file final_28.cif (mmCIF, C-alpha atoms and all ligand atoms)
data_structure
#
loop_
_atom_site.label_atom_id
_atom_site.label_comp_id
_atom_site.auth_asym_id
_atom_site.auth_seq_id
_atom_site.Cartn_x
_atom_site.Cartn_y
_atom_site.Cartn_z
CA MET X 25 19.94 9.51 -2.29
CA ARG X 26 19.39 6.32 -0.37
CA HIS X 27 18.42 6.61 3.27
CA PHE X 28 19.26 2.99 4.10
CA PHE X 29 23.04 2.64 3.75
CA ARG X 30 26.16 1.23 5.40
CA ARG X 31 28.54 3.20 7.58
CA ARG X 32 31.64 1.41 8.89
CA GLY X 33 29.97 -1.84 7.93
CA GLU X 34 26.77 -1.25 9.94
CA LEU X 35 23.37 -0.73 8.33
CA TYR X 36 21.76 2.66 9.01
CA CYS X 37 18.41 4.25 8.39
CA GLU X 38 19.14 7.96 7.99
CA GLU X 39 21.42 8.77 10.97
CA VAL X 40 20.27 5.90 13.16
CA PRO X 41 22.02 2.51 13.26
CA LEU X 42 19.35 -0.16 12.85
CA ARG X 43 21.01 -2.16 15.64
CA ALA X 44 20.13 0.65 18.07
CA ILE X 45 16.46 0.36 17.12
CA ALA X 46 16.48 -3.43 17.49
CA GLU X 47 18.07 -3.09 20.92
CA ALA X 48 15.68 -0.39 22.13
CA VAL X 49 12.42 -1.70 20.65
CA GLY X 50 13.09 -5.41 20.11
CA THR X 51 12.32 -7.45 17.01
CA PRO X 52 10.49 -7.96 14.73
CA THR X 53 10.04 -4.23 14.07
CA TYR X 54 9.13 -2.21 11.00
CA VAL X 55 11.35 0.83 10.46
CA TYR X 56 10.30 3.66 8.15
CA SER X 57 12.50 6.49 6.85
CA ARG X 58 10.74 9.83 6.98
CA ALA X 59 13.17 11.35 4.45
CA THR X 60 12.39 8.56 1.98
CA LEU X 61 8.62 8.95 2.37
CA GLU X 62 8.98 12.68 1.77
CA ARG X 63 11.26 12.22 -1.22
CA HIS X 64 8.93 9.68 -2.83
CA PHE X 65 5.81 11.77 -2.29
CA ARG X 66 7.51 14.84 -3.75
CA ALA X 67 8.83 12.85 -6.73
CA VAL X 68 5.29 11.78 -7.63
CA ASP X 69 3.78 15.20 -6.92
CA ARG X 70 6.42 17.07 -8.98
CA ALA X 71 6.24 14.56 -11.81
CA LEU X 72 2.60 15.55 -12.33
CA GLY X 73 3.77 19.09 -13.07
CA PRO X 74 1.96 22.38 -12.73
CA ALA X 75 -1.34 21.21 -14.26
CA PRO X 76 -4.16 20.53 -11.78
CA HIS X 77 -3.63 17.22 -10.01
CA LEU X 78 -4.08 15.44 -6.72
CA VAL X 79 -1.96 12.65 -5.28
CA CYS X 80 -4.20 10.39 -3.17
CA TYR X 81 -1.84 8.11 -1.26
CA SER X 82 -3.26 4.59 -1.06
CA VAL X 83 -3.71 4.01 2.67
CA LYS X 84 -3.74 0.22 2.44
CA ALA X 85 -0.04 0.21 1.50
CA CYS X 86 0.98 1.50 4.94
CA GLY X 87 -1.65 3.16 7.08
CA ASN X 88 0.20 4.07 10.27
CA LEU X 89 -1.19 7.36 11.63
CA ALA X 90 2.29 8.91 11.69
CA VAL X 91 2.82 8.08 8.02
CA LEU X 92 -0.58 9.51 7.13
CA ALA X 93 0.06 12.66 9.18
CA LEU X 94 3.41 13.14 7.45
CA LEU X 95 1.90 12.76 3.99
CA ARG X 96 -1.00 15.05 4.89
CA ARG X 97 1.54 17.74 5.82
CA LEU X 98 3.09 17.39 2.37
CA GLY X 99 -0.31 18.04 0.80
CA SER X 100 -1.31 14.47 0.05
CA GLY X 101 -4.86 13.32 -0.39
CA PHE X 102 -5.83 9.72 0.34
CA ASP X 103 -7.35 6.71 -1.38
CA VAL X 104 -9.24 4.56 1.12
CA VAL X 105 -10.87 1.18 0.60
CA SER X 106 -12.82 0.83 3.87
CA GLY X 107 -14.50 2.82 6.59
CA GLY X 108 -11.60 1.88 8.85
CA GLU X 109 -9.11 3.47 6.47
CA LEU X 110 -11.28 6.59 6.21
CA ARG X 111 -11.34 6.81 10.02
CA ARG X 112 -7.55 6.49 10.07
CA VAL X 113 -7.21 9.38 7.62
CA LEU X 114 -9.54 11.56 9.68
CA GLN X 115 -7.72 10.59 12.89
CA ALA X 116 -4.43 11.66 11.27
CA GLY X 117 -5.92 15.05 10.37
CA GLY X 118 -6.37 14.27 6.67
CA ASP X 119 -8.61 16.56 4.64
CA PRO X 120 -11.80 14.69 3.66
CA ALA X 121 -12.10 16.93 0.60
CA ARG X 122 -8.97 15.14 -0.66
CA VAL X 123 -10.22 11.60 -0.05
CA VAL X 124 -11.44 9.15 -2.69
CA PHE X 125 -13.20 5.99 -1.51
CA SER X 126 -12.56 2.87 -3.62
CA GLY X 127 -13.48 -0.79 -3.13
CA VAL X 128 -16.06 -3.27 -4.41
CA GLY X 129 -17.93 -3.87 -1.17
CA LYS X 130 -18.84 -0.60 0.52
CA THR X 131 -21.54 -1.06 3.16
CA ASP X 132 -24.31 1.46 3.85
CA ASP X 133 -22.51 2.45 7.04
CA GLU X 134 -19.28 3.09 5.15
CA ILE X 135 -21.11 5.12 2.52
CA ALA X 136 -22.78 7.19 5.25
CA LEU X 137 -19.43 7.74 6.94
CA GLY X 138 -17.96 9.07 3.69
CA LEU X 139 -20.96 11.31 3.03
CA ARG X 140 -20.96 12.76 6.54
CA ALA X 141 -17.21 13.39 6.34
CA GLY X 142 -17.62 15.17 3.00
CA ILE X 143 -15.17 13.18 0.89
CA LEU X 144 -14.13 14.21 -2.62
CA CYS X 145 -15.55 11.18 -4.38
CA PHE X 146 -16.86 7.63 -4.16
CA ASN X 147 -15.21 5.44 -6.77
CA VAL X 148 -18.26 3.31 -7.54
CA GLU X 149 -17.60 -0.19 -8.84
CA GLY X 150 -21.04 -1.45 -9.90
CA GLU X 151 -24.69 -0.61 -10.62
CA GLN X 152 -26.08 -1.98 -7.34
CA GLU X 153 -23.43 -0.13 -5.37
CA LEU X 154 -24.45 3.04 -7.21
CA SER X 155 -28.06 2.52 -6.11
CA ALA X 156 -26.88 2.02 -2.54
CA VAL X 157 -24.86 5.25 -2.62
CA ALA X 158 -27.87 7.10 -4.09
CA ALA X 159 -30.22 5.69 -1.43
CA VAL X 160 -27.95 6.50 1.52
CA ALA X 161 -27.33 10.02 0.16
CA ALA X 162 -31.07 10.60 -0.29
CA ARG X 163 -31.71 9.40 3.27
CA LEU X 164 -29.07 11.83 4.59
CA ARG X 165 -30.37 14.61 2.31
CA LYS X 166 -27.01 14.86 0.62
CA VAL X 167 -25.71 14.67 -2.93
CA ALA X 168 -23.01 12.02 -3.31
CA PRO X 169 -20.05 12.88 -5.54
CA VAL X 170 -19.26 9.80 -7.61
CA ALA X 171 -16.85 8.52 -10.23
CA LEU X 172 -17.40 5.24 -12.00
CA ARG X 173 -14.51 2.82 -11.75
CA VAL X 174 -14.29 1.28 -15.19
CA ASN X 175 -12.40 -1.87 -16.02
CA PRO X 176 -10.41 -1.08 -19.17
CA ASP X 177 -9.57 -4.78 -19.75
CA VAL X 178 -5.81 -4.23 -19.74
CA ASP X 179 -3.29 -6.89 -18.79
CA ALA X 180 -0.96 -5.23 -16.30
CA LYS X 181 1.46 -8.21 -16.55
CA THR X 182 1.76 -8.47 -12.83
CA HIS X 183 1.05 -11.18 -10.22
CA PRO X 184 -2.51 -12.50 -10.79
CA TYR X 185 -3.52 -11.60 -7.22
CA VAL X 186 -2.71 -7.92 -7.84
CA ALA X 187 -4.00 -7.58 -11.43
CA THR X 188 -7.34 -5.79 -11.17
CA ALA X 189 -8.25 -4.75 -14.72
CA LEU X 190 -8.64 -8.04 -16.56
CA ALA X 191 -12.02 -8.98 -18.04
CA GLN X 192 -12.42 -11.68 -15.36
CA SER X 193 -11.59 -9.30 -12.50
CA LYS X 194 -14.13 -8.38 -9.81
CA PHE X 195 -13.18 -4.69 -9.96
CA GLY X 196 -14.94 -1.89 -11.81
CA VAL X 197 -17.52 -2.17 -14.59
CA PRO X 198 -16.85 -2.92 -18.25
CA LEU X 199 -16.11 0.18 -20.32
CA ARG X 200 -19.05 -0.40 -22.65
CA ARG X 201 -21.59 -0.04 -19.83
CA ALA X 202 -20.14 3.26 -18.65
CA ARG X 203 -22.20 5.67 -20.79
CA ALA X 204 -25.51 4.18 -19.68
CA ILE X 205 -24.44 4.34 -16.04
CA TYR X 206 -23.45 8.03 -16.34
CA ARG X 207 -26.88 8.69 -17.87
CA ALA X 208 -28.46 7.05 -14.82
CA ILE X 209 -26.28 9.16 -12.52
CA ALA X 210 -27.39 12.34 -14.31
CA ARG X 211 -31.05 11.40 -13.73
CA CYS X 212 -30.58 10.78 -10.01
CA PRO X 213 -30.98 13.85 -7.77
CA SER X 214 -28.84 12.43 -4.94
CA LEU X 215 -25.83 11.71 -7.18
CA ARG X 216 -23.38 14.01 -8.92
CA ALA X 217 -20.84 12.64 -11.41
CA VAL X 218 -17.54 14.34 -10.64
CA GLY X 219 -15.01 11.99 -12.21
CA LEU X 220 -14.00 8.85 -14.02
CA ASP X 221 -11.78 6.25 -12.37
CA CYS X 222 -9.71 3.17 -13.08
CA HIS X 223 -6.95 1.21 -11.35
CA LEU X 224 -5.02 -1.51 -13.15
CA GLY X 225 -3.30 -3.42 -10.39
CA SER X 226 -0.06 -3.24 -8.51
CA GLN X 227 3.70 -3.64 -9.04
CA ILE X 228 3.34 -2.78 -12.73
CA GLU X 229 6.78 -2.61 -14.31
CA SER X 230 6.17 -1.08 -17.73
CA LEU X 231 4.35 1.91 -19.15
CA ALA X 232 2.34 0.06 -21.79
CA PRO X 233 -0.61 -0.97 -19.55
CA PHE X 234 -0.92 2.58 -18.18
CA GLU X 235 -0.83 4.02 -21.70
CA ALA X 236 -3.42 1.55 -22.97
CA ALA X 237 -5.78 2.29 -20.08
CA ALA X 238 -5.35 6.07 -20.31
CA SER X 239 -6.08 6.14 -24.01
CA ARG X 240 -9.22 4.00 -23.50
CA LEU X 241 -10.33 6.42 -20.81
CA ARG X 242 -9.59 9.35 -23.10
CA ARG X 243 -12.03 8.01 -25.69
CA LEU X 244 -14.67 7.42 -23.03
CA LEU X 245 -14.15 10.93 -21.63
CA GLU X 246 -14.80 12.37 -25.09
CA GLU X 247 -18.03 10.39 -25.33
CA LEU X 248 -19.11 11.44 -21.86
CA ALA X 249 -18.41 15.09 -22.69
CA ALA X 250 -20.46 14.71 -25.88
CA ASP X 251 -23.28 13.24 -23.78
CA GLY X 252 -23.23 16.45 -21.74
CA HIS X 253 -21.52 15.28 -18.52
CA ARG X 254 -19.30 17.88 -16.88
CA LEU X 255 -16.70 15.89 -15.02
CA GLU X 256 -14.03 17.51 -12.85
CA HIS X 257 -11.36 14.85 -12.60
CA VAL X 258 -9.97 11.68 -14.07
CA ASP X 259 -8.39 9.18 -11.66
CA LEU X 260 -5.88 6.70 -13.08
CA GLY X 261 -5.27 4.84 -9.83
CA GLY X 262 -1.92 3.60 -8.57
CA GLY X 263 0.10 0.55 -9.41
CA LEU X 264 3.54 1.81 -10.34
CA GLY X 265 6.08 -0.88 -9.46
CA VAL X 266 9.22 -0.58 -7.35
CA PRO X 267 12.60 -2.34 -7.52
CA TYR X 268 12.63 -5.18 -4.98
CA GLY X 269 15.70 -6.60 -6.65
CA ARG X 270 16.67 -6.24 -10.27
CA GLU X 271 13.31 -4.94 -11.55
CA GLN X 272 13.58 -1.64 -13.42
CA PRO X 273 10.13 -0.05 -13.29
CA PRO X 274 9.53 3.34 -14.92
CA SER X 275 10.29 6.40 -12.80
CA PRO X 276 7.41 8.49 -11.43
CA ARG X 277 8.31 11.12 -14.04
CA GLN X 278 8.12 8.63 -16.93
CA TRP X 279 4.85 7.28 -15.54
CA ALA X 280 3.28 10.73 -15.11
CA ASP X 281 4.46 11.85 -18.57
CA ALA X 282 3.00 8.71 -20.14
CA LEU X 283 -0.35 9.26 -18.41
CA ARG X 284 -0.54 12.88 -19.54
CA ARG X 285 0.50 12.01 -23.09
CA ALA X 286 -2.08 9.24 -23.41
CA LEU X 287 -4.86 11.37 -21.89
CA GLY X 288 -4.11 14.24 -24.26
CA PRO X 289 -4.86 17.88 -23.55
CA SER X 290 -7.53 18.06 -20.88
CA ARG X 291 -8.90 20.56 -18.40
CA LEU X 292 -9.67 17.77 -15.95
CA ARG X 293 -7.77 17.45 -12.71
CA LEU X 294 -5.59 14.33 -12.80
CA VAL X 295 -5.90 12.16 -9.69
CA VAL X 296 -3.51 9.28 -8.95
CA GLU X 297 -3.52 6.76 -6.10
CA PRO X 298 0.07 5.60 -5.55
CA GLY X 299 0.82 3.38 -2.57
CA ARG X 300 3.73 1.04 -3.08
CA VAL X 301 5.93 3.56 -4.91
CA ILE X 302 5.75 5.89 -1.92
CA ALA X 303 6.04 3.43 0.95
CA ALA X 304 7.81 0.24 -0.16
CA ASN X 305 11.41 1.41 -0.25
CA ALA X 306 10.85 3.65 2.76
CA GLY X 307 10.56 0.65 5.09
CA ALA X 308 12.50 -2.36 6.33
CA LEU X 309 11.55 -5.15 8.72
CA LEU X 310 14.13 -5.93 11.40
CA THR X 311 14.31 -9.54 12.47
CA ARG X 312 16.68 -11.54 14.65
CA VAL X 313 18.04 -15.00 13.91
CA LEU X 314 16.85 -17.55 16.50
CA TYR X 315 18.49 -20.70 15.18
CA ARG X 316 20.32 -22.26 12.31
CA LYS X 317 19.34 -25.80 11.47
CA ARG X 318 19.93 -28.38 8.83
CA GLY X 319 17.08 -30.43 7.35
CA ALA X 320 17.48 -33.53 5.19
CA ALA X 321 17.59 -31.45 2.02
CA ARG X 322 17.92 -27.80 3.00
CA ALA X 323 19.68 -25.52 5.43
CA PHE X 324 17.59 -23.05 7.40
CA ALA X 325 17.86 -19.88 9.37
CA VAL X 326 14.86 -19.56 11.68
CA VAL X 327 14.16 -15.90 12.42
CA ASP X 328 11.70 -14.17 14.75
CA ALA X 329 9.59 -12.63 11.94
CA GLY X 330 7.05 -14.83 10.24
CA MET X 331 4.37 -14.72 7.56
CA ASN X 332 2.06 -13.07 10.07
CA ASP X 333 4.48 -10.12 10.19
CA LEU X 334 5.31 -10.00 6.46
CA LEU X 335 2.89 -11.94 4.29
CA ARG X 336 4.19 -11.03 0.83
CA PRO X 337 6.63 -13.91 0.29
CA ALA X 338 4.00 -16.49 1.32
CA LEU X 339 1.11 -14.83 -0.54
CA TYR X 340 2.78 -13.72 -3.76
CA GLY X 341 6.11 -15.55 -3.72
CA SER X 342 7.71 -12.13 -3.60
CA VAL X 343 11.41 -11.75 -3.12
CA HIS X 344 12.79 -9.26 -0.61
CA ALA X 345 16.50 -8.53 -0.28
CA LEU X 346 17.95 -9.51 3.11
CA GLU X 347 20.66 -7.20 4.40
CA PRO X 348 22.67 -8.06 7.49
CA VAL X 349 22.34 -5.24 10.02
CA GLY X 350 25.92 -5.82 11.16
CA ARG X 351 29.01 -6.09 8.99
CA PRO X 352 28.40 -8.43 6.01
CA THR X 353 30.13 -11.80 6.46
CA ARG X 354 32.89 -12.82 4.06
CA ARG X 355 31.35 -16.27 3.61
CA LYS X 356 27.92 -16.47 1.96
CA VAL X 357 25.60 -19.43 2.39
CA VAL X 358 22.51 -20.74 0.62
CA LEU X 359 19.62 -20.82 3.09
CA ASP X 360 15.89 -20.89 3.48
CA VAL X 361 15.12 -18.03 5.85
CA VAL X 362 11.95 -19.08 7.63
CA GLY X 363 9.72 -17.79 10.41
CA PRO X 364 8.34 -19.51 13.52
CA VAL X 365 4.77 -19.92 12.17
CA CYS X 366 3.45 -23.47 11.80
CA GLU X 367 3.02 -23.37 8.02
CA SER X 368 5.43 -24.52 5.34
CA GLY X 369 4.51 -21.35 3.45
CA ASP X 370 6.11 -19.36 6.25
CA PHE X 371 9.33 -18.15 4.67
CA LEU X 372 11.00 -14.81 4.05
CA ALA X 373 13.36 -16.21 1.42
CA ARG X 374 14.03 -19.60 -0.14
CA ARG X 375 17.27 -21.04 -1.52
CA THR X 376 18.91 -17.65 -1.29
CA ARG X 377 22.59 -16.71 -1.04
CA VAL X 378 22.80 -14.70 2.13
CA ASP X 379 25.28 -13.71 4.79
CA ASP X 380 26.34 -16.39 7.22
CA LEU X 381 24.36 -15.09 10.21
CA GLY X 382 23.87 -17.07 13.41
CA PRO X 383 21.67 -16.86 16.51
CA GLY X 384 21.31 -13.31 17.80
CA ASP X 385 22.33 -11.68 14.52
CA LEU X 386 19.99 -9.23 12.81
CA TRP X 387 18.62 -9.05 9.29
CA ALA X 388 16.81 -6.16 7.67
CA VAL X 389 14.19 -7.34 5.19
CA MET X 390 14.32 -4.54 2.65
CA THR X 391 11.53 -2.85 0.66
CA ALA X 392 9.00 -3.88 3.28
CA GLY X 393 7.31 -0.52 3.85
CA ALA X 394 4.31 -1.25 1.61
CA TYR X 395 1.92 -4.16 2.23
CA GLY X 396 4.10 -5.09 5.19
CA PHE X 397 2.61 -4.08 8.51
CA SER X 398 -0.72 -3.35 6.81
CA MET X 399 -1.07 -7.07 6.01
CA ALA X 400 0.22 -8.27 9.38
CA SER X 401 -1.96 -10.51 11.53
CA SER X 402 -1.65 -12.22 14.88
CA TYR X 403 -1.85 -15.74 13.38
CA ASN X 404 -0.31 -18.29 15.74
CA SER X 405 -1.15 -15.77 18.48
CA ARG X 406 1.89 -13.72 17.68
CA PRO X 407 1.55 -10.08 18.75
CA ARG X 408 1.90 -7.76 15.75
CA PRO X 409 5.27 -6.01 15.49
CA ALA X 410 6.19 -2.48 16.52
CA GLU X 411 6.57 0.33 13.97
CA VAL X 412 9.27 2.99 14.17
CA LEU X 413 9.65 6.22 12.21
CA VAL X 414 13.20 7.52 11.78
CA ASP X 415 13.79 11.22 11.26
CA GLY X 416 17.46 12.11 10.94
CA ARG X 417 19.10 11.29 14.27
CA ARG X 418 15.92 10.52 16.13
CA PHE X 419 13.44 7.72 15.99
CA ASP X 420 9.95 7.39 17.40
CA VAL X 421 7.93 4.28 18.12
CA VAL X 422 4.81 5.11 16.09
CA ARG X 423 3.03 1.90 17.02
CA ASP X 424 3.74 -0.17 20.11
CA ARG X 425 4.43 -3.84 19.76
CA GLU X 426 1.19 -5.60 20.66
CA ASN X 427 1.17 -7.21 24.06
CA PRO X 428 -0.38 -10.54 25.05
CA ARG X 429 -3.58 -8.84 26.26
CA ASP X 430 -4.09 -7.40 22.78
CA LEU X 431 -4.27 -10.98 21.52
CA TRP X 432 -7.57 -11.70 23.29
CA ARG X 433 -9.01 -8.21 23.55
CA GLY X 434 -12.76 -8.47 22.98
CA GLU X 435 -12.95 -12.21 23.63
CA HIS X 436 -15.25 -13.50 26.36
CA ILE X 437 -15.56 -16.81 28.17
CA PRO X 438 -19.24 -17.74 28.89
CA GLU X 439 -20.11 -17.71 32.58
CA ASP X 440 -20.26 -21.51 33.05
CA LEU X 441 -16.85 -22.01 31.41
CA LYS X 442 -15.00 -19.40 33.45
CA PRO X 443 -11.83 -20.79 35.03
C1 LIG I 501 -4.16 -0.91 -3.84
C2 LIG I 501 -4.75 0.21 -4.61
C3 LIG I 501 -3.96 1.30 -5.00
C4 LIG I 501 -2.48 1.38 -4.73
O1 LIG I 501 -1.74 0.50 -5.51
P1 LIG I 501 -0.14 0.56 -5.47
O2 LIG I 501 0.28 -0.56 -6.34
O3 LIG I 501 0.27 0.37 -4.06
O4 LIG I 501 0.26 1.88 -6.01
C5 LIG I 501 -4.59 2.35 -5.65
N1 LIG I 501 -5.90 2.33 -5.92
C6 LIG I 501 -6.69 1.28 -5.59
C7 LIG I 501 -8.13 1.32 -5.93
C8 LIG I 501 -6.14 0.20 -4.92
O5 LIG I 501 -6.92 -0.84 -4.60
#

call {"tool": "encode", "arguments": {"input": "final_28.cif", "output": "structure tokens"}}
result
Amino acid sequence: MRHFFRRRGELYCEEVPLRAIAEAVGTPTYVYSRATLERHFRAVDRALGPAPHLVCYSVKACGNLAVLALLRRLGSGFDVVSGGELRRVLQAGGDPARVVFSGVGKTDDEIALGLRAGILCFNVEGEQELSAVAAVAARLRKVAPVALRVNPDVDAKTHPYVATALAQSKFGVPLRRARAIYRAIARCPSLRAVGLDCHLGSQIESLAPFEAAASRLRRLLEELAADGHRLEHVDLGGGLGVPYGREQPPSPRQWADALRRALGPSRLRLVVEPGRVIAANAGALLTRVLYRKRGAARAFAVVDAGMNDLLRPALYGSVHALEPVGRPTRRKVVLDVVGPVCESGDFLARRTRVDDLGPGDLWAVMTAGAYGFSMASSYNSRPRPAEVLVDGRRFDVVRDRENPRDLWRGEHIPEDLKP
């Protein structure tokens, strides 16, 4: 069931023509399908079967409060990587007892925020961070629940910027140091070891890296059990890839089955932290063509969405399908589809066969729900786009387009320079 489809030539999201959203809200605008978010969450949740598990949606993929509130209603927990993300989850009514806190650079304030909220677990990424968590917990007279994020040294065969489990990566601690660190946790009265954690990276398109990591964790879990640690969960992170074009990543079911198989029989609760697989194909970015122009060597369509709105093509060279919102044109043309930002890296697509759209026509940049708005900035002083959630026949603006005042909110001109 696809919730972005064509009816009489026009592109729809659920029962709403995308043109209607562009006309009502303007462009660029992110559009999310509620039915798709629900279907993806349920697919992951069901794939993990009846054994104890917790799906902690990775907030950094798409952190709009409406998206978080929807996932919370479906029973999702959350993986956060900053105090800001934790605050978002709480603001959306998320249950702190279902929150894991990852990230290599937690500050004392962020640790205190997590402790006061009563989160499920801190995924601790290093020895000094562990000391910081212990010290803040002791100061607050609390016991911090922790899991060590280990780096299983597995090549996820993904873009280098989103591979996080290689030996040279900044994330986690090497497997061989794990036992000593758990011994230190056991000796510390303000820490309680509740789990073991790893995360391999993102947009992983085969099962092998997941299987390799899970079997390394299985061995470590046996050693930790033999050392007398009574853990409650094992967290295998997120990272399952999605089809942007012709990729054929494993299904959530295949992924979950592979994790369970590699972990072996276990009484531990299985935690996962999927982001992209839930949000990516639930979202599209609507953009309008401003101009067509011809350079010396290339032909361009200049659109009103730039790298500040959707960074992925510029940052990772990622390829997103472009679908015309109106009826596809008979003639196709090879174009660079570029934004208005003053950077040559500002493109949505390069040398791509696309529909022959002209000024005023609309494109939907597909599979933009994850790492789309959440990576948006106001570079070039461009207000960040609006976000819309579609639910059947209705749609709601779930984040207003920023206005010019938002661009300089918090800035101050010293007295003697005032105009
Ligand atoms: C980004 C991230 C995720 C989510 O990754 P996806 O590829 O979006 O599933 C999960 N866990 C951690 C620690 C992350 O940093």

call {"tool": "residues_around", "arguments": {"input": "final_28.cif", "residues": "range 171-175 of chain X", "least_positions_apart": "3", "cutoff": "7 Å", "atoms": "only C-alpha atoms", "output": "list in words"}}
result
Cys145, Phe146, Asn147, Val148, Glu149, Ala189, Phe195, Gly196, Val197, Pro198, Leu199, Ala217, Val218, Gly219, Leu220, Asp221 and Cys222 of chain X

call {"tool": "write_last_selection", "arguments": {"input": "final_28.cif", "atoms": "C-alpha atoms", "output": "PDB file, keeping the file's coordinate frame"}}
result
ATOM      1  CA  CYS X 145     -15.550  11.180  -4.380  1.00  0.00           C
ATOM      2  CA  PHE X 146     -16.860   7.630  -4.160  1.00  0.00           C
ATOM      3  CA  ASN X 147     -15.210   5.440  -6.770  1.00  0.00           C
ATOM      4  CA  VAL X 148     -18.260   3.310  -7.540  1.00  0.00           C
ATOM      5  CA  GLU X 149     -17.600  -0.190  -8.840  1.00  0.00           C
ATOM      6  CA  ALA X 189      -8.250  -4.750 -14.720  1.00  0.00           C
ATOM      7  CA  PHE X 195     -13.180  -4.690  -9.960  1.00  0.00           C
ATOM      8  CA  GLY X 196     -14.940  -1.890 -11.810  1.00  0.00           C
ATOM      9  CA  VAL X 197     -17.520  -2.170 -14.590  1.00  0.00           C
ATOM     10  CA  PRO X 198     -16.850  -2.920 -18.250  1.00  0.00           C
ATOM     11  CA  LEU X 199     -16.110   0.180 -20.320  1.00  0.00           C
ATOM     12  CA  ALA X 217     -20.840  12.640 -11.410  1.00  0.00           C
ATOM     13  CA  VAL X 218     -17.540  14.340 -10.640  1.00  0.00           C
ATOM     14  CA  GLY X 219     -15.010  11.990 -12.210  1.00  0.00           C
ATOM     15  CA  LEU X 220     -14.000   8.850 -14.020  1.00  0.00           C
ATOM     16  CA  ASP X 221     -11.780   6.250 -12.370  1.00  0.00           C
ATOM     17  CA  CYS X 222      -9.710   3.170 -13.080  1.00  0.00           C
TER      18      CYS X 222
END

call {"tool": "closest_residue", "arguments": {"input": "final_28.cif", "among": "X:Lys84, X:Lys130, X:Arg63, X:Arg284", "to": "ligand LIG 501 (chain I)", "atoms": "all atoms listed in the file"}}
result
X:Lys84

call {"tool": "closest_atom_pairs", "arguments": {"input": "final_28.cif", "of": "chain X", "to": "ligand LIG 501 (chain I)", "cutoff": "8 Å", "atoms": "all atoms listed in the file", "output": "CSV"}}
result
residue,atom,partner,partner_atom,distance
X:Tyr81,CA,I:LIG501,C4,7.6
X:Ser82,CA,I:LIG501,C4,4.9
X:Val83,CA,I:LIG501,C4,7.9
X:Lys84,CA,I:LIG501,C1,6.4
X:Ala85,CA,I:LIG501,O3,5.6
X:Asp103,CA,I:LIG501,N1,6.5
X:Val104,CA,I:LIG501,C7,7.8
X:Val105,CA,I:LIG501,O5,6.8
X:Ser126,CA,I:LIG501,C7,5.2
X:Gly127,CA,I:LIG501,C7,6.4
X:Cys222,CA,I:LIG501,C7,7.6
X:His223,CA,I:LIG501,C7,5.5
X:Gly225,CA,I:LIG501,O2,6.1
X:Ser226,CA,I:LIG501,O2,3.5
X:Gln227,CA,I:LIG501,O2,5.3
X:Ile228,CA,I:LIG501,O2,7.4
X:Gly261,CA,I:LIG501,N1,4.7
X:Gly262,CA,I:LIG501,O4,3.8
X:Gly263,CA,I:LIG501,O2,3.3
X:Leu264,CA,I:LIG501,O4,5.4
X:Gly265,CA,I:LIG501,O2,6.6
X:Val296,CA,I:LIG501,C5,7.8
X:Glu297,CA,I:LIG501,C5,4.6
X:Pro298,CA,I:LIG501,O4,3.8
X:Gly299,CA,I:LIG501,O3,3.4
X:Arg300,CA,I:LIG501,O3,3.7
X:Val301,CA,I:LIG501,O4,6.0
X:Ile302,CA,I:LIG501,O4,7.9
X:Ala394,CA,I:LIG501,O3,7.1
X:Tyr395,CA,I:LIG501,O3,7.9

call {"tool": "atom_distance", "arguments": {"input": "final_28.cif", "atom1": "CA of Glu134 in chain X", "atom2": "CA of Tyr185 in chain X"}}
result
24.8 Å

call {"tool": "closest_residue", "arguments": {"input": "final_28.cif", "among": "X:Ser239, X:Ser405, X:Asn427, X:Ser193", "to": "Asp177 in chain X", "atoms": "only C-alpha atoms"}}
result
X:Ser193

call {"tool": "atom_distance", "arguments": {"input": "final_28.cif", "atom1": "CA of Ala303 in chain X", "atom2": "CA of Ala121 in chain X"}}
result
22.6 Å

call {"tool": "residues_near_point", "arguments": {"input": "final_28.cif", "point": "(3.9, -9.2, 5.8)", "cutoff": "7 Å", "atoms": "all atoms listed in the file", "output": "ChimeraX atom specification"}}
result
/X:331-336,395-397,399-400

call {"tool": "residues_around", "arguments": {"input": "final_28.cif", "residues": "Ala67 in chain X", "least_positions_apart": "3", "cutoff": "10 Å", "atoms": "all atoms listed in the file", "output": "list in words"}}
result
Leu61, Glu62, Arg63, His64, Arg70, Ala71, Leu72, Ser275, Pro276, Arg277, Val301 and Ile302 of chain X

call {"tool": "closest_residue", "arguments": {"input": "final_28.cif", "among": "X:Leu137, X:Val55, X:Ala187, X:Leu244", "to": "Arg201 in chain X", "atoms": "all atoms listed in the file"}}
result
X:Leu244
